[in-house]
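Asker: Contents of coords29.pdb (PDB, C-alpha atoms, pLDDT in the B column):
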ATOM      1  CA  MET Q  55       0.000   0.000   0.000  1.00 93.00           C
ATOM      2  CA  LYS Q  56       1.239   3.475  -0.861  1.00 93.00           C
ATOM      3  CA  GLU Q  57       1.946   5.951   1.927  1.00 95.00           C
ATOM      4  CA  LEU Q  58       0.127   9.275   2.159  1.00 94.00           C
ATOM      5  CA  THR Q  59       2.605  12.055   1.398  1.00 96.00           C
ATOM      6  CA  ASP Q  60       2.835  15.153   3.566  1.00 96.00           C
ATOM      7  CA  HIS Q  61       1.955  17.239   0.505  1.00 97.00           C
ATOM      8  CA  ALA Q  62      -1.252  15.294  -0.148  1.00 97.00           C
ATOM      9  CA  ALA Q  63      -2.157  15.238   3.547  1.00 96.00           C
ATOM     10  CA  ALA Q  64      -1.673  19.003   3.831  1.00 97.00           C
ATOM     11  CA  ALA Q  65      -3.784  19.666   0.733  1.00 97.00           C
ATOM     12  CA  ALA Q  66      -6.567  17.374   1.963  1.00 97.00           C
ATOM     13  CA  PHE Q  67      -6.457  18.950   5.426  1.00 97.00           C
ATOM     14  CA  ARG Q  68      -6.756  22.455   3.963  1.00 97.00           C
ATOM     15  CA  ARG Q  69      -9.709  21.309   1.881  1.00 98.00           C
ATOM     16  CA  LEU Q  70     -11.375  19.756   4.944  1.00 97.00           C
ATOM     17  CA  VAL Q  71     -10.945  22.980   6.928  1.00 97.00           C
ATOM     18  CA  SER Q  72     -12.338  25.047   4.039  1.00 97.00           C
ATOM     19  CA  HIS Q  73     -15.272  22.657   3.726  1.00 97.00           C
ATOM     20  CA  LEU Q  74     -16.066  22.881   7.448  1.00 97.00           C
ATOM     21  CA  GLN Q  75     -15.831  26.684   7.344  1.00 97.00           C
ATOM     22  CA  HIS Q  76     -18.382  26.671   4.513  1.00 96.00           C
ATOM     23  CA  ARG Q  77     -20.763  24.082   6.016  1.00 95.00           C
ATOM     24  CA  HIS Q  78     -22.004  25.865   9.110  1.00 93.00           C
ATOM     25  CA  ASP Q  79     -25.129  23.703   8.985  1.00 94.00           C
ATOM     26  CA  ALA Q  80     -22.988  20.723  10.030  1.00 94.00           C
ATOM     27  CA  GLU Q  81     -22.875  21.488  13.730  1.00 95.00           C
ATOM     28  CA  ASN Q  82     -20.132  20.146  15.964  1.00 96.00           C
ATOM     29  CA  ILE Q  83     -22.503  17.922  17.922  1.00 95.00           C
ATOM     30  CA  ASP Q  84     -23.759  16.375  14.682  1.00 95.00           C
ATOM     31  CA  LEU Q  85     -20.180  15.724  13.558  1.00 96.00           C
ATOM     32  CA  MET Q  86     -19.380  14.201  16.957  1.00 94.00           C
ATOM     33  CA  GLY Q  87     -22.454  11.997  16.817  1.00 94.00           C
ATOM     34  CA  LEU Q  88     -21.657  10.697  13.374  1.00 94.00           C
ATOM     35  CA  ALA Q  89     -17.867  10.704  13.070  1.00 94.00           C
ATOM     36  CA  GLY Q  90     -16.601  11.030  16.634  1.00 93.00           C
ATOM     37  CA  PHE Q  91     -14.782  14.307  16.001  1.00 95.00           C
ATOM     38  CA  CYS Q  92     -15.680  17.936  15.335  1.00 96.00           C
ATOM     39  CA  ARG Q  93     -14.092  21.278  14.564  1.00 97.00           C
ATOM     40  CA  ASN Q  94     -12.901  21.616  18.149  1.00 96.00           C
ATOM     41  CA  CYS Q  95     -11.249  18.184  18.018  1.00 96.00           C
ATOM     42  CA  LEU Q  96      -9.540  19.123  14.776  1.00 97.00           C
ATOM     43  CA  ALA Q  97      -8.308  22.353  16.373  1.00 97.00           C
ATOM     44  CA  ASP Q  98      -6.992  20.384  19.361  1.00 97.00           C
ATOM     45  CA  TRP Q  99      -5.069  18.085  17.001  1.00 96.00           C
ATOM     46  CA  VAL Q 100      -3.592  21.127  15.235  1.00 97.00           C
ATOM     47  CA  MET Q 101      -2.600  22.592  18.598  1.00 97.00           C
ATOM     48  CA  GLU Q 102      -0.940  19.302  19.602  1.00 97.00           C
ATOM     49  CA  ALA Q 103       0.988  19.291  16.303  1.00 96.00           C
ATOM     50  CA  ASP Q 104       2.044  22.950  16.662  1.00 96.00           C
ATOM     51  CA  SER Q 105       2.841  23.729  20.275  1.00 95.00           C
ATOM     52  CA  THR Q 106       3.146  27.456  19.498  1.00 97.00           C
ATOM     53  CA  LEU Q 107      -0.642  27.750  19.087  1.00 96.00           C
ATOM     54  CA  THR Q 108      -3.036  28.378  21.924  1.00 97.00           C
ATOM     55  CA  LYS Q 109      -6.386  26.615  22.059  1.00 97.00           C
ATOM     56  CA  ASP Q 110      -8.176  29.805  20.986  1.00 97.00           C
ATOM     57  CA  GLU Q 111      -5.763  30.391  18.084  1.00 97.00           C
ATOM     58  CA  ALA Q 112      -6.140  26.831  16.825  1.00 97.00           C
ATOM     59  CA  ARG Q 113      -9.927  26.987  17.046  1.00 97.00           C
ATOM     60  CA  GLU Q 114     -10.001  30.288  15.171  1.00 97.00           C
ATOM     61  CA  LEU Q 115      -7.902  28.736  12.398  1.00 97.00           C
ATOM     62  CA  ILE Q 116     -10.367  25.866  12.041  1.00 97.00           C
ATOM     63  CA  HIS Q 117     -13.622  27.809  12.541  1.00 97.00           C
ATOM     64  CA  GLY Q 118     -12.514  30.740  10.369  1.00 97.00           C
ATOM     65  CA  MET Q 119     -13.457  33.123  13.178  1.00 97.00           C
ATOM     66  CA  PRO Q 120     -13.190  33.148  16.975  1.00 97.00           C
ATOM     67  CA  ALA Q 121     -14.844  29.994  18.299  1.00 96.00           C
ATOM     68  CA  ALA Q 122     -17.160  31.977  20.589  1.00 96.00           C
ATOM     69  CA  GLU Q 123     -18.429  33.950  17.595  1.00 97.00           C
ATOM     70  CA  TRP Q 124     -18.957  30.751  15.589  1.00 96.00           C
ATOM     71  CA  LYS Q 125     -20.859  29.233  18.498  1.00 95.00           C
ATOM     72  CA  THR Q 126     -23.117  32.285  18.813  1.00 96.00           C
ATOM     73  CA  ARG Q 127     -23.799  32.454  15.085  1.00 96.00           C
ATOM     74  CA  TYR Q 128     -24.196  28.780  14.173  1.00 95.00           C
ATOM     75  CA  GLN Q 129     -24.625  26.493  17.173  1.00 94.00           C
ATOM     76  CA  SER Q 130     -28.101  25.553  18.288  1.00 94.00           C
ATOM     77  CA  GLU Q 131     -29.170  23.947  21.563  1.00 93.00           C
ATOM     78  CA  ALA Q 132     -28.214  20.279  21.782  1.00 93.00           C
ATOM     79  CA  THR Q 133     -31.151  17.905  22.010  1.00 95.00           C
ATOM     80  CA  PRO Q 134     -31.052  14.895  24.355  1.00 95.00           C
ATOM     81  CA  GLU Q 135     -31.001  12.656  21.269  1.00 95.00           C
ATOM     82  CA  LYS Q 136     -27.948  14.440  19.823  1.00 94.00           C
ATOM     83  CA  LEU Q 137     -26.170  14.269  23.175  1.00 94.00           C
ATOM     84  CA  GLN Q 138     -26.861  10.530  23.424  1.00 96.00           C
ATOM     85  CA  ARG Q 139     -25.609   9.903  19.885  1.00 94.00           C
ATOM     86  CA  MET Q 140     -22.470  11.922  20.654  1.00 93.00           C
ATOM     87  CA  GLN Q 141     -21.783   9.884  23.804  1.00 94.00           C
ATOM     88  CA  GLU Q 142     -22.189   6.624  21.879  1.00 94.00           C
ATOM     89  CA  SER Q 143     -19.829   7.879  19.181  1.00 93.00           C
ATOM     90  CA  ILE Q 144     -17.213   8.992  21.724  1.00 91.00           C
ATOM     91  CA  ALA Q 145     -17.354   5.515  23.277  1.00 92.00           C
ATOM     92  CA  LYS Q 146     -16.484   4.061  19.865  1.00 92.00           C
ATOM     93  CA  ASN Q 147     -13.408   6.330  19.755  1.00 88.00           C
ATOM     94  CA  ALA Q 148     -12.155   4.940  23.059  1.00 83.00           C
ATOM     95  CA  ALA Q 149     -12.582   1.376  21.811  1.00 74.00           C
ATOM     96  CA  SER Q 150     -10.500   2.066  18.686  1.00 67.00           C
ATOM     97  CA  HIS Q 151      -7.383   3.341  20.470  1.00 61.00           C
TER
END
I need this file expressed as structure tokens, please.

Answerer:
Amino acid sequence: MKELTDHAAAAAFRRLVSHLQHRHDAENIDLMGLAGFCRNCLADWVMEADSTLTKDEARELIHGMPAAEWKTRYQSEATPEKLQRMQESIAKNAASH
């Protein structure tokens, strides 16, 4: 199997970030419930990879604006069903590591 190059990974990552900045209708809790990660997770991974970034700086890079502003503009109240789905998805993450 071929290995993913850093160039391809960087290009795909930039495209993912751009896509998430465009798709505000895909809320973080929905992403967590389906895929087990969200914009905040992605920002945390960026921060872990670049120790010069603060949490707020990394989240702004991923959200395309300060995270608090994104939350105010695009995040709705989480329903009990969405919270349950998120918890089930997070449990799957723990089992895969």

Asker: Choose the residue, out of Q:Leu58, Q:Ala132, Q:Leu115, Q:Leu137, that has the smallest atom-to-atom separation from Ser72 of chain Q; count all atoms listed in the file.

Answerer: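 Using all atoms listed in the file, Ser72 of chain Q sits closest to Q:Leu115.
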
Asker: Please measure the separation of atom CA of Lys136 of chain Q and atom CA of Glu111 of chain Q, giving the value in Å to one decimal.

Answerer: 27.4 Å

Asker: Calculated over only C-alpha atoms, which of the candidates Q:Met140, Q:Cys92, Q:Ala122, Q:Leu107 has the smallest distance to Leu74 of chain Q?

Answerer: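 Using only C-alpha atoms, the shortest distance to Leu74 of chain Q belongs to Q:Cys92.
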
Asker: When distances are computed from only C-alpha atoms, which of Q:Met119, Q:Ala65, Q:Cys95, Q:Met55 shows the smallest separation from Asn82 of chain Q?

Answerer: Q:Cys95

Asker: If you measure from atom CA of Ala112 of chain Q to atom CA of Ala80 of chain Q, what distance in Å do you get, rounded to one decimal?

Answerer: 19.2 Å

Asker: Could you state which residues are captured by the PyMOL selection byres ((chain Q and resi 125) around 12) in this file, as a PDB file with C-alpha atoms, in the frame of the given file?

Answerer:
ATOM      1  CA  HIS Q  78     -22.004  25.865   9.110  1.00 93.00           C
ATOM      2  CA  ASP Q  79     -25.129  23.703   8.985  1.00 94.00           C
ATOM      3  CA  GLU Q  81     -22.875  21.488  13.730  1.00 95.00           C
ATOM      4  CA  ASN Q  82     -20.132  20.146  15.964  1.00 96.00           C
ATOM      5  CA  ILE Q  83     -22.503  17.922  17.922  1.00 95.00           C
ATOM      6  CA  ARG Q  93     -14.092  21.278  14.564  1.00 97.00           C
ATOM      7  CA  ASN Q  94     -12.901  21.616  18.149  1.00 96.00           C
ATOM      8  CA  ARG Q 113      -9.927  26.987  17.046  1.00 97.00           C
ATOM      9  CA  GLU Q 114     -10.001  30.288  15.171  1.00 97.00           C
ATOM     10  CA  HIS Q 117     -13.622  27.809  12.541  1.00 97.00           C
ATOM     11  CA  GLY Q 118     -12.514  30.740  10.369  1.00 97.00           C
ATOM     12  CA  MET Q 119     -13.457  33.123  13.178  1.00 97.00           C
ATOM     13  CA  PRO Q 120     -13.190  33.148  16.975  1.00 97.00           C
ATOM     14  CA  ALA Q 121     -14.844  29.994  18.299  1.00 96.00           C
ATOM     15  CA  ALA Q 122     -17.160  31.977  20.589  1.00 96.00           C
ATOM     16  CA  GLU Q 123     -18.429  33.950  17.595  1.00 97.00           C
ATOM     17  CA  TRP Q 124     -18.957  30.751  15.589  1.00 96.00           C
ATOM     18  CA  THR Q 126     -23.117  32.285  18.813  1.00 96.00           C
ATOM     19  CA  ARG Q 127     -23.799  32.454  15.085  1.00 96.00           C
ATOM     20  CA  TYR Q 128     -24.196  28.780  14.173  1.00 95.00           C
ATOM     21  CA  GLN Q 129     -24.625  26.493  17.173  1.00 94.00           C
ATOM     22  CA  SER Q 130     -28.101  25.553  18.288  1.00 94.00           C
ATOM     23  CA  GLU Q 131     -29.170  23.947  21.563  1.00 93.00           C
TER      24      GLU Q 131
END

Asker: Could you state the separation of atom CA of Ala89 of chain Q and atom CA of Gln138 of chain Q in Å, given to one decimal place?

Answerer: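 Computing the Euclidean distance for atom CA of Ala89 of chain Q and atom CA of Gln138 of chain Q yields 13.7 Å.
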
Asker: Enclose the full set of atoms of segment 107-120 of chain Q listed in the file within a box whose edges lie along x, y and z, apply 6 Å of padding to each of the six sides, and report centre and edge lengths in Å to one decimal as AutoDock Vina command-line options.

Answerer:
--center_x -7.1 --center_y 29.5 --center_z 16.2 --size_x 25.0 --size_y 19.3 --size_z 23.7

Asker: Pick the closest to Phe67 of chain Q from Q:Met101, Q:Glu142, Q:Leu96, Q:Thr108: which is it, counting all atoms listed in the file?

Answerer: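 Selected residue with least distance to Phe67 of chain Q: Q:Leu96.
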
Asker: Can you work out which one of Q:His73, Q:Glu57, Q:Gly87, Q:Trp99 has the shortest atom-to-atom distance to Thr133 of chain Q, counting only C-alpha atoms?

Answerer: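 Looking only at the distances to Thr133 of chain Q, the closest residue turns out to be Q:Gly87.
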
Asker: Pull out every residue that the PyMOL selection byres ((chain Q and resi 146-148) around 12) matches in the shown coordinates and put them as number ranges by chain.

Answerer: Q: 86-91, 139-145, 149-151
